[in-house]
file upload.cif (mmCIF, C-alpha atoms)
data_upload
#
loop_
_atom_site.label_atom_id
_atom_site.label_comp_id
_atom_site.auth_asym_id
_atom_site.auth_seq_id
_atom_site.Cartn_x
_atom_site.Cartn_y
_atom_site.Cartn_z
CA MET E 1 -64.81 -38.17 112.35
CA GLN E 2 -61.85 -39.01 110.19
CA THR E 3 -59.16 -36.30 109.97
CA LYS E 4 -58.00 -35.52 106.47
CA THR E 5 -54.26 -35.94 106.05
CA LYS E 6 -52.62 -32.85 104.61
CA ILE E 7 -50.65 -33.63 101.47
CA SER E 8 -47.09 -32.38 101.64
CA LYS E 9 -45.91 -29.83 99.08
CA PHE E 10 -43.02 -30.36 96.71
CA GLN E 11 -40.17 -27.88 96.67
CA SER E 12 -37.70 -27.15 93.92
CA ILE E 13 -34.34 -28.90 94.15
CA LYS E 14 -31.48 -26.90 95.68
CA GLY E 15 -29.85 -24.80 92.98
CA PHE E 16 -32.77 -25.22 90.55
CA TYR E 17 -35.09 -22.22 90.68
CA ASP E 18 -38.34 -21.01 89.15
CA ILE E 19 -38.36 -17.75 87.21
CA LEU E 20 -41.68 -16.21 88.24
CA PRO E 21 -43.95 -14.01 86.09
CA GLU E 22 -42.90 -10.75 87.78
CA ALA E 23 -39.29 -11.39 86.67
CA THR E 24 -39.92 -12.50 83.10
CA PRO E 25 -40.39 -9.01 81.54
CA LEU E 26 -36.79 -8.13 82.46
CA TRP E 27 -35.65 -11.54 81.19
CA PHE E 28 -37.43 -10.85 77.89
CA LYS E 29 -35.68 -7.49 77.67
CA LEU E 30 -32.31 -9.14 78.23
CA GLU E 31 -32.93 -11.93 75.73
CA ASP E 32 -34.55 -9.74 73.08
CA THR E 33 -31.74 -7.18 73.29
CA ALA E 34 -29.13 -9.93 72.97
CA ARG E 35 -30.90 -11.43 69.94
CA ARG E 36 -31.03 -8.03 68.26
CA VAL E 37 -27.35 -7.24 68.90
CA LEU E 38 -26.23 -10.69 67.76
CA GLY E 39 -28.21 -10.19 64.56
CA GLN E 40 -26.39 -6.91 63.94
CA TYR E 41 -23.12 -8.86 63.83
CA GLY E 42 -24.40 -11.63 61.57
CA TYR E 43 -24.59 -14.48 64.11
CA LYS E 44 -27.15 -17.22 63.35
CA ASN E 45 -29.02 -19.24 65.96
CA ILE E 46 -28.34 -22.95 66.53
CA ARG E 47 -30.13 -25.17 69.08
CA MET E 48 -28.42 -28.23 70.56
CA PRO E 49 -29.62 -30.97 72.97
CA LEU E 50 -29.36 -30.63 76.74
CA VAL E 51 -27.86 -34.12 76.97
CA GLU E 52 -24.61 -35.17 75.30
CA SER E 53 -22.12 -38.02 75.58
CA THR E 54 -20.05 -37.73 78.75
CA ASP E 55 -16.89 -38.32 76.73
CA LEU E 56 -17.59 -35.18 74.70
CA PHE E 57 -16.97 -33.02 77.76
CA VAL E 58 -14.07 -35.09 79.07
CA ARG E 59 -12.29 -34.77 75.73
CA SER E 60 -13.07 -31.08 75.19
CA VAL E 61 -13.34 -29.36 78.58
CA GLY E 62 -10.50 -31.41 80.06
CA GLU E 63 -10.25 -34.45 82.34
CA HIS E 64 -8.54 -32.48 85.13
CA THR E 65 -10.89 -29.48 85.22
CA ASP E 66 -13.30 -28.75 88.08
CA ILE E 67 -16.23 -29.25 85.72
CA VAL E 68 -15.31 -32.81 84.76
CA GLU E 69 -13.87 -33.85 88.12
CA LYS E 70 -16.68 -32.75 90.40
CA GLU E 71 -19.42 -30.63 88.78
CA MET E 72 -21.03 -32.63 85.97
CA TYR E 73 -24.43 -34.28 86.26
CA ALA E 74 -23.41 -37.54 84.59
CA TRP E 75 -25.00 -41.00 84.63
CA GLU E 76 -25.19 -44.29 82.79
CA ASP E 77 -28.41 -44.81 80.85
CA ALA E 78 -30.11 -47.85 82.38
CA LEU E 79 -31.71 -48.75 79.03
CA ASN E 80 -28.59 -49.05 76.89
CA GLY E 81 -25.53 -48.33 79.03
CA ASP E 82 -24.70 -45.02 77.32
CA LYS E 83 -22.71 -42.60 79.48
CA LEU E 84 -24.59 -39.30 79.36
CA THR E 85 -24.23 -35.82 80.86
CA LEU E 86 -26.45 -32.76 81.21
CA ARG E 87 -24.44 -30.11 79.40
CA PRO E 88 -22.27 -28.06 81.79
CA GLU E 89 -21.29 -25.61 79.03
CA GLY E 90 -22.24 -25.00 75.41
CA THR E 91 -19.09 -24.84 73.29
CA ALA E 92 -18.43 -28.61 73.21
CA GLY E 93 -21.96 -29.37 71.99
CA CYS E 94 -21.78 -26.60 69.39
CA VAL E 95 -18.47 -27.93 68.05
CA ARG E 96 -19.97 -31.44 67.96
CA ALA E 97 -22.89 -30.10 65.89
CA VAL E 98 -20.58 -28.21 63.53
CA VAL E 99 -18.47 -31.32 62.93
CA GLU E 100 -21.44 -33.71 62.66
CA SER E 101 -23.33 -31.51 60.17
CA ASN E 102 -20.23 -30.19 58.38
CA LEU E 103 -21.44 -26.61 58.86
CA THR E 104 -18.15 -25.06 57.72
CA TYR E 105 -18.23 -26.87 54.35
CA ASN E 106 -19.02 -23.63 52.51
CA GLY E 107 -16.75 -21.43 54.62
CA PRO E 108 -16.65 -19.73 58.03
CA VAL E 109 -19.81 -19.51 60.17
CA ARG E 110 -20.96 -17.37 63.08
CA LEU E 111 -23.35 -19.09 65.51
CA TRP E 112 -25.12 -18.39 68.80
CA TYR E 113 -27.30 -20.42 71.15
CA SER E 114 -29.03 -20.01 74.49
CA GLY E 115 -30.45 -22.21 77.20
CA ALA E 116 -29.90 -24.05 80.44
CA MET E 117 -26.55 -25.45 81.61
CA PHE E 118 -26.00 -27.70 84.65
CA ARG E 119 -23.17 -27.86 87.18
CA HIS E 120 -23.14 -29.21 90.73
CA GLU E 121 -21.86 -25.96 92.25
CA ASN E 122 -21.88 -24.54 95.76
CA VAL E 123 -25.05 -22.44 95.54
CA GLN E 124 -24.73 -18.71 96.24
CA LYS E 125 -25.77 -15.38 94.71
CA GLY E 126 -25.09 -15.54 91.00
CA ARG E 127 -24.20 -19.26 91.10
CA GLN E 128 -26.85 -21.93 90.54
CA ARG E 129 -26.88 -25.59 89.57
CA GLN E 130 -29.21 -24.93 86.67
CA PHE E 131 -28.23 -21.65 85.06
CA HIS E 132 -28.71 -20.04 81.68
CA GLN E 133 -26.21 -18.83 79.12
CA ILE E 134 -26.04 -17.26 75.73
CA GLY E 135 -23.10 -18.75 73.86
CA VAL E 136 -21.47 -17.23 70.77
CA GLU E 137 -19.08 -19.16 68.53
CA ALA E 138 -17.26 -18.27 65.28
CA PHE E 139 -15.64 -20.99 63.20
CA GLY E 140 -13.09 -20.61 60.40
CA PHE E 141 -11.62 -17.21 61.35
CA ASP E 142 -7.96 -17.04 62.43
CA SER E 143 -7.65 -13.26 62.47
CA PRO E 144 -7.76 -11.26 65.73
CA GLN E 145 -10.55 -9.30 64.04
CA VAL E 146 -13.07 -11.91 65.21
CA ASP E 147 -11.65 -11.92 68.75
CA ALA E 148 -12.09 -8.13 68.77
CA GLU E 149 -15.53 -8.34 67.13
CA GLN E 150 -16.87 -10.56 69.90
CA ILE E 151 -15.49 -8.31 72.62
CA VAL E 152 -16.91 -5.19 70.94
CA LEU E 153 -20.24 -7.00 70.51
CA LEU E 154 -20.35 -7.49 74.28
CA ALA E 155 -19.44 -3.85 74.90
CA ARG E 156 -22.41 -2.87 72.71
CA LEU E 157 -24.70 -5.29 74.55
CA TRP E 158 -23.82 -3.80 77.94
CA ARG E 159 -24.62 -0.31 76.60
CA GLU E 160 -27.94 -1.48 75.15
CA LEU E 161 -28.88 -3.12 78.46
CA GLY E 162 -28.02 -0.05 80.56
CA ILE E 163 -25.07 -1.71 82.31
CA ALA E 164 -21.99 0.37 83.16
CA ASP E 165 -18.72 -0.04 85.06
CA VAL E 166 -17.92 -3.53 83.80
CA GLU E 167 -14.21 -4.15 83.33
CA LEU E 168 -12.70 -6.04 80.40
CA GLN E 169 -9.70 -8.22 81.25
CA ILE E 170 -7.72 -9.88 78.44
CA ASN E 171 -4.71 -12.13 78.16
CA SER E 172 -2.98 -14.47 75.74
CA ILE E 173 -2.19 -17.98 76.92
CA GLY E 174 -0.32 -18.82 73.72
CA ASP E 175 -0.46 -21.98 71.67
CA ALA E 176 -0.08 -25.53 72.96
CA HIS E 177 3.69 -25.81 72.45
CA GLU E 178 4.24 -22.48 74.23
CA ARG E 179 2.07 -23.53 77.15
CA LEU E 180 3.93 -26.84 77.37
CA GLU E 181 7.26 -25.04 77.84
CA TYR E 182 5.73 -22.52 80.21
CA ARG E 183 4.13 -25.34 82.19
CA LYS E 184 7.58 -26.72 83.05
CA VAL E 185 8.75 -23.29 84.22
CA LEU E 186 5.58 -22.79 86.26
CA ILE E 187 5.76 -26.18 87.97
CA ALA E 188 9.37 -25.52 88.93
CA TYR E 189 8.37 -22.12 90.37
CA PHE E 190 5.49 -23.56 92.41
CA GLU E 191 7.70 -26.37 93.71
CA GLN E 192 10.04 -23.69 95.07
CA HIS E 193 7.06 -22.30 97.03
CA ALA E 194 5.48 -25.62 98.00
CA ASP E 195 4.96 -24.45 101.58
CA LEU E 196 2.45 -21.83 100.34
CA LEU E 197 0.38 -24.18 98.19
CA ASP E 198 -3.02 -25.21 99.52
CA GLU E 199 -4.40 -28.72 99.01
CA ASP E 200 -6.22 -27.78 95.79
CA ALA E 201 -3.02 -26.29 94.32
CA LYS E 202 -1.00 -29.36 95.27
CA ARG E 203 -3.58 -31.54 93.53
CA ARG E 204 -3.37 -29.44 90.38
CA LEU E 205 0.42 -29.01 90.35
CA HIS E 206 1.21 -31.72 87.81
CA THR E 207 -2.18 -31.93 86.06
CA ASN E 208 -3.33 -28.35 85.50
CA PRO E 209 -0.80 -25.90 87.01
CA LEU E 210 -2.08 -22.87 85.06
CA ARG E 211 -5.32 -23.02 87.06
CA ILE E 212 -3.33 -22.39 90.24
CA LEU E 213 -2.73 -18.85 88.96
CA ASP E 214 -6.47 -18.22 89.22
CA THR E 215 -6.62 -19.11 92.92
CA LYS E 216 -8.86 -17.15 95.27
CA ASN E 217 -6.79 -18.16 98.34
CA PRO E 218 -5.45 -14.93 99.94
CA ARG E 219 -2.33 -16.73 101.22
CA MET E 220 -1.32 -17.55 97.65
CA GLN E 221 -2.10 -14.24 95.93
CA ALA E 222 1.32 -12.59 96.28
CA MET E 223 3.14 -15.77 95.28
CA CYS E 224 0.97 -16.21 92.18
CA GLU E 225 1.35 -12.53 91.28
CA ALA E 226 5.14 -12.96 91.26
CA ALA E 227 5.03 -16.14 89.13
CA PRO E 228 6.59 -16.12 85.65
CA LYS E 229 4.08 -14.77 83.10
CA LEU E 230 3.15 -16.76 80.04
CA ILE E 231 2.55 -13.62 78.01
CA ASP E 232 6.26 -12.81 78.36
CA SER E 233 7.15 -16.14 76.74
CA LEU E 234 4.98 -15.93 73.62
CA GLY E 235 6.46 -16.55 70.19
CA ASP E 236 6.39 -13.97 67.41
CA GLU E 237 3.17 -15.28 65.81
CA THR E 238 1.09 -15.44 68.97
CA ARG E 239 2.48 -12.11 70.16
CA ALA E 240 1.51 -10.50 66.85
CA HIS E 241 -2.02 -11.94 67.22
CA PHE E 242 -2.39 -10.46 70.70
CA ASP E 243 -0.93 -7.11 69.63
CA GLY E 244 -3.39 -7.07 66.72
CA LEU E 245 -6.28 -7.62 69.13
CA CYS E 246 -5.11 -4.79 71.39
CA LYS E 247 -4.82 -2.38 68.43
CA LEU E 248 -8.36 -3.21 67.28
CA LEU E 249 -9.77 -2.67 70.77
CA ASP E 250 -7.89 0.63 71.04
CA ALA E 251 -9.31 1.74 67.69
CA ALA E 252 -12.84 0.79 68.84
CA GLY E 253 -12.43 2.77 72.06
CA VAL E 254 -12.92 -0.30 74.28
CA ALA E 255 -10.89 -0.02 77.48
CA TYR E 256 -9.19 -3.16 78.80
CA ILE E 257 -6.71 -4.46 81.36
CA VAL E 258 -4.10 -7.08 80.46
CA ASN E 259 -4.39 -9.63 83.28
CA ALA E 260 -1.44 -12.02 83.01
CA ARG E 261 -3.09 -14.39 85.53
CA LEU E 262 -6.26 -14.83 83.48
CA VAL E 263 -6.30 -18.39 82.12
CA ARG E 264 -10.00 -19.48 82.12
CA GLY E 265 -11.03 -22.84 83.55
CA LEU E 266 -11.35 -24.99 80.43
CA ASP E 267 -8.54 -26.86 78.69
CA TYR E 268 -9.53 -26.07 75.12
CA TYR E 269 -8.51 -22.38 75.12
CA ASN E 270 -5.45 -21.01 73.32
CA ARG E 271 -4.18 -17.51 72.53
CA THR E 272 -6.85 -14.94 73.41
CA VAL E 273 -8.82 -15.30 76.64
CA PHE E 274 -11.06 -12.58 78.08
CA GLU E 275 -13.57 -11.85 80.82
CA TRP E 276 -15.99 -9.02 81.56
CA VAL E 277 -16.16 -8.53 85.33
CA THR E 278 -18.10 -6.40 87.79
CA THR E 279 -17.63 -5.58 91.47
CA LYS E 280 -21.39 -5.35 92.12
CA LEU E 281 -22.14 -9.08 92.45
CA GLY E 282 -19.68 -10.15 95.13
CA ALA E 283 -17.55 -13.20 94.44
CA GLN E 284 -19.42 -14.10 91.24
CA GLY E 285 -18.19 -11.08 89.33
CA THR E 286 -17.60 -12.60 85.86
CA ILE E 287 -20.64 -11.95 83.66
CA ALA E 288 -19.13 -13.09 80.35
CA GLY E 289 -15.96 -14.82 79.30
CA GLY E 290 -14.39 -16.70 76.46
CA GLY E 291 -11.54 -16.81 74.03
CA ARG E 292 -9.97 -18.68 71.17
CA TYR E 293 -9.97 -22.50 70.86
CA ASP E 294 -8.24 -23.27 67.56
CA ALA E 295 -7.54 -26.97 68.24
CA LEU E 296 -10.93 -28.08 69.56
CA VAL E 297 -12.69 -28.83 66.25
CA GLU E 298 -9.88 -31.16 65.22
CA ARG E 299 -9.80 -32.73 68.70
CA LEU E 300 -13.48 -33.62 68.29
CA GLY E 301 -13.03 -35.25 64.89
CA GLY E 302 -13.32 -32.34 62.45
CA ASP E 303 -10.80 -30.72 60.15
CA ALA E 304 -8.38 -28.21 61.64
CA THR E 305 -10.54 -25.10 62.10
CA PRO E 306 -9.70 -21.90 64.01
CA ALA E 307 -12.48 -20.84 66.36
CA CYS E 308 -13.35 -18.23 68.96
CA GLY E 309 -16.31 -17.82 71.29
CA PHE E 310 -17.73 -16.73 74.63
CA GLY E 311 -20.55 -17.35 77.07
CA ILE E 312 -22.76 -14.88 78.94
CA GLY E 313 -24.08 -15.80 82.38
CA LEU E 314 -27.68 -14.60 82.08
CA GLU E 315 -28.59 -14.82 85.78
CA ARG E 316 -25.63 -12.59 86.63
CA VAL E 317 -26.47 -10.09 83.89
CA PHE E 318 -30.07 -10.07 85.13
CA LEU E 319 -28.88 -9.27 88.67
CA LEU E 320 -26.64 -6.54 87.30
CA MET E 321 -29.53 -5.00 85.36
CA GLN E 322 -31.49 -4.86 88.60
CA GLU E 323 -28.50 -3.23 90.35
CA TYR E 324 -28.55 -0.48 87.72
CA GLY E 325 -32.30 0.03 88.02
CA VAL E 326 -33.13 -1.31 84.57
CA THR E 327 -36.85 -2.07 84.38
CA ALA E 328 -39.29 -3.70 82.00
CA ASP E 329 -42.94 -4.63 82.15
CA ASP E 330 -45.49 -6.65 80.23
CA ALA E 331 -48.56 -4.57 81.07
CA PRO E 332 -51.38 -4.93 78.54
CA ASP E 333 -52.50 -2.16 76.25
CA VAL E 334 -56.15 -2.64 77.19
CA TYR E 335 -58.15 -4.14 80.07
CA LEU E 336 -61.59 -5.06 78.74
CA VAL E 337 -64.25 -4.44 81.43
CA ASN E 338 -67.63 -6.06 80.74
CA VAL E 339 -70.69 -5.89 82.99
CA GLY E 340 -73.94 -7.62 82.10
CA GLU E 341 -74.99 -10.81 80.36
CA GLN E 342 -75.05 -9.34 76.85
CA ALA E 343 -71.84 -7.43 77.45
CA GLU E 344 -69.99 -10.63 78.43
CA GLN E 345 -70.94 -12.26 75.12
CA VAL E 346 -70.00 -9.25 73.00
CA ALA E 347 -66.75 -8.59 74.89
CA PHE E 348 -65.28 -11.93 73.84
CA SER E 349 -65.54 -11.10 70.12
CA ILE E 350 -64.41 -7.49 70.68
CA ALA E 351 -61.26 -8.76 72.42
CA GLU E 352 -60.44 -10.76 69.29
CA GLN E 353 -61.04 -7.69 67.09
CA LEU E 354 -58.55 -5.76 69.21
CA ARG E 355 -55.97 -8.55 68.98
CA ASN E 356 -56.44 -8.68 65.21
CA ALA E 357 -55.33 -5.03 65.27
CA ASP E 358 -52.17 -6.08 67.22
CA ILE E 359 -53.44 -4.62 70.50
CA GLN E 360 -52.64 -6.52 73.71
CA VAL E 361 -55.80 -7.22 75.68
CA ILE E 362 -56.76 -8.74 79.01
CA LEU E 363 -60.42 -9.76 78.90
CA HIS E 364 -62.02 -9.67 82.33
CA ALA E 365 -63.56 -13.06 82.97
CA GLY E 366 -65.72 -14.31 85.81
CA GLY E 367 -68.19 -11.46 86.28
CA GLY E 368 -68.12 -8.97 89.12
CA SER E 369 -69.28 -5.42 89.64
CA PHE E 370 -68.10 -2.48 87.57
CA LYS E 371 -66.16 -1.15 90.58
CA SER E 372 -64.32 -4.42 91.22
CA GLN E 373 -63.47 -4.81 87.55
CA MET E 374 -62.08 -1.26 87.35
CA LYS E 375 -59.89 -2.01 90.37
CA LYS E 376 -58.47 -4.99 88.50
CA ALA E 377 -57.97 -2.85 85.41
CA ASP E 378 -56.00 -0.39 87.52
CA ARG E 379 -53.85 -3.15 89.07
CA SER E 380 -53.08 -4.57 85.61
CA GLN E 381 -51.26 -1.31 84.72
CA ALA E 382 -53.10 -1.32 81.38
CA LYS E 383 -52.81 1.91 79.42
CA PHE E 384 -56.55 1.94 78.65
CA ALA E 385 -59.74 0.41 79.96
CA LEU E 386 -62.33 -0.48 77.33
CA ILE E 387 -65.72 -0.63 79.06
CA ILE E 388 -68.76 -2.50 77.77
CA GLY E 389 -72.10 -2.71 79.56
CA ASP E 390 -75.49 -3.76 78.32
CA ASP E 391 -76.28 -0.11 77.49
CA GLU E 392 -73.15 0.14 75.31
CA VAL E 393 -74.16 -3.09 73.57
CA ALA E 394 -77.61 -1.70 72.82
CA ASN E 395 -76.09 1.51 71.40
CA LYS E 396 -73.27 -0.38 69.56
CA GLN E 397 -70.67 1.66 71.39
CA VAL E 398 -67.85 1.22 73.90
CA THR E 399 -66.27 3.53 76.48
CA LEU E 400 -62.52 4.13 76.12
CA LYS E 401 -60.80 5.39 79.28
CA PRO E 402 -57.07 6.29 79.65
CA MET E 403 -55.72 4.65 82.82
CA LEU E 404 -52.20 6.08 83.19
CA ALA E 405 -51.08 9.65 83.74
CA THR E 406 -48.61 9.20 80.89
CA VAL E 407 -51.41 8.43 78.42
CA LYS E 408 -52.95 11.47 76.73
CA GLY E 409 -56.62 11.82 75.95
CA GLU E 410 -60.02 11.96 77.62
CA GLN E 411 -62.61 9.31 78.35
CA GLN E 412 -64.91 8.92 75.33
CA GLN E 413 -67.77 6.88 73.97
CA CYS E 414 -67.38 5.66 70.41
CA SER E 415 -67.87 2.73 68.07
CA ILE E 416 -65.50 -0.23 68.39
CA GLU E 417 -64.05 0.69 65.00
CA GLN E 418 -63.28 4.22 66.21
CA ALA E 419 -61.88 2.83 69.47
CA ILE E 420 -59.49 0.58 67.54
CA GLU E 421 -58.40 3.53 65.38
CA ASN E 422 -57.83 5.73 68.46
CA LEU E 423 -55.95 2.96 70.29
CA THR E 424 -53.72 2.24 67.29
CA ALA E 425 -52.80 5.93 67.06
CA ALA E 426 -52.20 6.28 70.81
CA LEU E 427 -50.07 3.15 71.05
CA ALA E 428 -47.96 3.84 67.96
#
call {"tool": "encode", "arguments": {"input": "upload.cif", "output": "structure tokens"}}
result
Amino acid sequence: MQTKTKISKFQSIKGFYDILPEATPLWFKLEDTARRVLGQYGYKNIRMPLVESTDLFVRSVGEHTDIVEKEMYAWEDALNGDKLTLRPEGTAGCVRAVVESNLTYNGPVRLWYSGAMFRHENVQKGRQRQFHQIGVEAFGFDSPQVDAEQIVLLARLWRELGIADVELQINSIGDAHERLEYRKVLIAYFEQHADLLDEDAKRRLHTNPLRILDTKNPRMQAMCEAAPKLIDSLGDETRAHFDGLCKLLDAAGVAYIVNARLVRGLDYYNRTVFEWVTTKLGAQGTIAGGGRYDALVERLGGDATPACGFGIGLERVFLLMQEYGVTADDAPDVYLVNVGEQAEQVAFSIAEQLRNADIQVILHAGGGSFKSQMKKADRSQAKFALIIGDDEVANKQVTLKPMLATVKGEQQQCSIEQAIENLTAALA
């Protein structure tokens, strides 16, 4: 007798995970709440490709950033030699779309997008290689009002999602000429403390010294804390912009901490940078971050256009919602029990009648006893069971049974029309 060879199973790639049905109701709640809040502030949805030219990210994010140096999924297309990359972040692609389609031709625009991003990260809680973001971008506004608007929008979103105890950190990293002068001062300072620099800091010293300030190395913390602060070297215009932001946040009642070491990891930022952080997710505590990037549109071939934006890490927000006990479900309104040959035929059309009345229905399929079907109705967490047997078919009636303690009413026999009327009233 020949032994059948067992076929091996496939597994998902490390850092690329399924989102299973039991998790999707909470994801829907997160996404739906975000869409609603973004609509309240006048942001319009835009959808960009997952794949862009590699050079787009090199030119925008920065050649000497972690993303470009070691995290991008980049390759050369075997068919035509194009150098392509799975998007590691959304701002560059959004700016490309704005420039390509001349979206600011008629004035400033507010945009948002959502979807998967890809970075070859060290996988841990709150850090994946395929992750999801909502990105928000405003083009054509140079006032700190838009910086403040985006921060206040996020404060509203946290409230709507039931998230508390997230801390807002803000800073100003000035304009390019101010950072250039500060860069010289910072390099000189770090060179005086070269014995404390780790290998990563030494590598960054003459390419991206501001990122050294954001080190997580405990041996370097005190030295970085004592480093000269860029915010103390701002010119009058950039200082006034930052002061204007602080006044608007104060007026809105949004608490914040000025973190002089906050620089963000992408080269395109200038002036305002900000992060919302939590202590409940371990090392991956930043759930949203962004800032102003006034030179990026011009750098990518457009006209000089001030801009400001942020990204929300959805996996981290999802974990935080779970930490705070936020729940959601997608239980149906009705589980349609049908026992008997005639009942099976009638139940199919009755299910469509219920759906026409905007009632969510699970139609039991596959037969089975009344008892087994009622057990499945109970497990479905449906608010009502609608029961049809051959006797009900003969009498042109159905049985409507409340299934949850929170649902008022008694079991009753009635016509399908009356059942729909009763359900509509109960579910309103």
call {"tool": "closest_atom_pairs", "arguments": {"input": "upload.cif", "of": "region 121-181 of chain E", "to": "region 273-291 of chain E", "cutoff": "6 Å", "atoms": "only C-alpha atoms", "output": "JSON lines"}}
result
{"residue": "E:Gly126", "atom": "CA", "partner": "E:Gln284", "partner_atom": "CA", "distance": 5.9}
{"residue": "E:Val166", "atom": "CA", "partner": "E:Thr278", "partner_atom": "CA", "distance": 4.9}
{"residue": "E:Glu167", "atom": "CA", "partner": "E:Val277", "partner_atom": "CA", "distance": 5.2}
{"residue": "E:Leu168", "atom": "CA", "partner": "E:Trp276", "partner_atom": "CA", "distance": 4.6}
{"residue": "E:Gln169", "atom": "CA", "partner": "E:Glu275", "partner_atom": "CA", "distance": 5.3}
{"residue": "E:Ile170", "atom": "CA", "partner": "E:Phe274", "partner_atom": "CA", "distance": 4.3}
{"residue": "E:Asn171", "atom": "CA", "partner": "E:Val273", "partner_atom": "CA", "distance": 5.4}
{"residue": "E:Ser172", "atom": "CA", "partner": "E:Val273", "partner_atom": "CA", "distance": 6.0}
call {"tool": "write_last_selection", "arguments": {"input": "upload.cif", "atoms": "C-alpha atoms", "output": "CSV table (one decimal), in the coordinates of the input"}}
result
chain,number,residue,atom,x,y,z
E,126,GLY,CA,-25.1,-15.5,91.0
E,166,VAL,CA,-17.9,-3.5,83.8
E,167,GLU,CA,-14.2,-4.2,83.3
E,168,LEU,CA,-12.7,-6.0,80.4
E,169,GLN,CA,-9.7,-8.2,81.2
E,170,ILE,CA,-7.7,-9.9,78.4
E,171,ASN,CA,-4.7,-12.1,78.2
E,172,SER,CA,-3.0,-14.5,75.7
call {"tool": "atom_distance", "arguments": {"input": "upload.cif", "atom1": "CA of Thr272 (chain E)", "atom2": "CA of Gly313 (chain E)"}}
result
19.4 Å
call {"tool": "resolve_selection", "arguments": {"input": "upload.cif", "expression": "the PyMOL selection byres ((chain E and resi 334) around 8)", "output": "list of chain:residue names"}}
result
E:Pro332, E:Asp333, E:Tyr335, E:Leu336, E:Ile359, E:Gln360, E:Val361, E:Ile362, E:Ala382, E:Lys383, E:Phe384, E:Ala385, E:Leu386
call {"tool": "closest_atom_pairs", "arguments": {"input": "upload.cif", "of": "region 255-334 of chain E", "to": "region 24-28 of chain E", "cutoff": "12 Å", "atoms": "all atoms listed in the file", "output": "tab-separated table"}}
result
residue	atom	partner	partner_atom	distance
E:Leu314	CA	E:Trp27	CA	8.6
E:Glu315	CA	E:Trp27	CA	9.0
E:Arg316	CA	E:Trp27	CA	11.4
E:Val317	CA	E:Trp27	CA	9.7
E:Phe318	CA	E:Trp27	CA	7.0
E:Leu319	CA	E:Leu26	CA	10.1
E:Leu320	CA	E:Leu26	CA	11.4
E:Met321	CA	E:Leu26	CA	8.4
E:Gln322	CA	E:Leu26	CA	8.7
E:Gly325	CA	E:Leu26	CA	10.8
E:Val326	CA	E:Leu26	CA	8.0
E:Thr327	CA	E:Leu26	CA	6.4
E:Ala328	CA	E:Leu26	CA	5.1
E:Asp329	CA	E:Pro25	CA	5.1
E:Asp330	CA	E:Pro25	CA	5.8
E:Ala331	CA	E:Pro25	CA	9.3
call {"tool": "closest_residue", "arguments": {"input": "upload.cif", "among": "E:Ala251, E:Cys308, E:Ala260, E:Leu30", "to": "Asp147 (chain E)", "atoms": "only C-alpha atoms"}}
result
E:Cys308
call {"tool": "resolve_selection", "arguments": {"input": "upload.cif", "expression": "the PyMOL selection byres ((chain E and resi 62-71) around 10)", "output": "VMD selection string"}}
result
chain E and resid 54 to 61 72 to 74 88 to 89 118 to 122 129 203 to 204 207 to 208 211 265 to 268
call {"tool": "resolve_selection", "arguments": {"input": "upload.cif", "expression": "the PyMOL selection byres ((chain E and resi 162) around 9)", "output": "PDB file with C-alpha atoms, in the coordinates of the input"}}
result
ATOM      1  CA  LEU E 157     -24.700  -5.290  74.550  1.00  0.00           C
ATOM      2  CA  TRP E 158     -23.820  -3.800  77.940  1.00  0.00           C
ATOM      3  CA  ARG E 159     -24.620  -0.310  76.600  1.00  0.00           C
ATOM      4  CA  GLU E 160     -27.940  -1.480  75.150  1.00  0.00           C
ATOM      5  CA  LEU E 161     -28.880  -3.120  78.460  1.00  0.00           C
ATOM      6  CA  ILE E 163     -25.070  -1.710  82.310  1.00  0.00           C
ATOM      7  CA  ALA E 164     -21.990   0.370  83.160  1.00  0.00           C
ATOM      8  CA  MET E 321     -29.530  -5.000  85.360  1.00  0.00           C
ATOM      9  CA  TYR E 324     -28.550  -0.480  87.720  1.00  0.00           C
ATOM     10  CA  GLY E 325     -32.300   0.030  88.020  1.00  0.00           C
ATOM     11  CA  VAL E 326     -33.130  -1.310  84.570  1.00  0.00           C
TER      12      VAL E 326
END
call {"tool": "residues_around", "arguments": {"input": "upload.cif", "residues": "Glu344 (chain E)", "least_positions_apart": "6", "cutoff": "10 Å", "atoms": "only C-alpha atoms", "output": "PyMOL selection string"}}
result
chain E and resi 337-338+363-367+388-390+393
call {"tool": "atom_distance", "arguments": {"input": "upload.cif", "atom1": "CA of Gly140 (chain E)", "atom2": "CA of Gly107 (chain E)"}}
result
6.9 Å
call {"tool": "atom_distance", "arguments": {"input": "upload.cif", "atom1": "CA of Gln411 (chain E)", "atom2": "CA of Leu427 (chain E)"}}
result
15.8 Å
call {"tool": "closest_residue", "arguments": {"input": "upload.cif", "among": "E:Asp200, E:Leu234, E:Leu213, E:Leu423", "to": "Val263 (chain E)", "atoms": "only C-alpha atoms"}}
result
E:Leu213
call {"tool": "residues_around", "arguments": {"input": "upload.cif", "residues": "Glu225 (chain E)", "least_positions_apart": "2", "cutoff": "8 Å", "atoms": "all atoms listed in the file", "output": "MDAnalysis selection string"}}
result
chainID E and resid 213 221:223 227 261
call {"tool": "residues_around", "arguments": {"input": "upload.cif", "residues": "Glu100 (chain E)", "least_positions_apart": "2", "cutoff": "12 Å", "atoms": "all atoms listed in the file", "output": "JSON, numbers by chain"}}
result
{"E": [48, 93, 94, 95, 96, 97, 98, 102, 103, 104, 105, 297, 300, 301, 302, 303]}
call {"tool": "closest_residue", "arguments": {"input": "upload.cif", "among": "E:Thr91, E:Gln133, E:Ser8, E:Asn270", "to": "His177 (chain E)", "atoms": "all atoms listed in the file"}}
result
E:Asn270
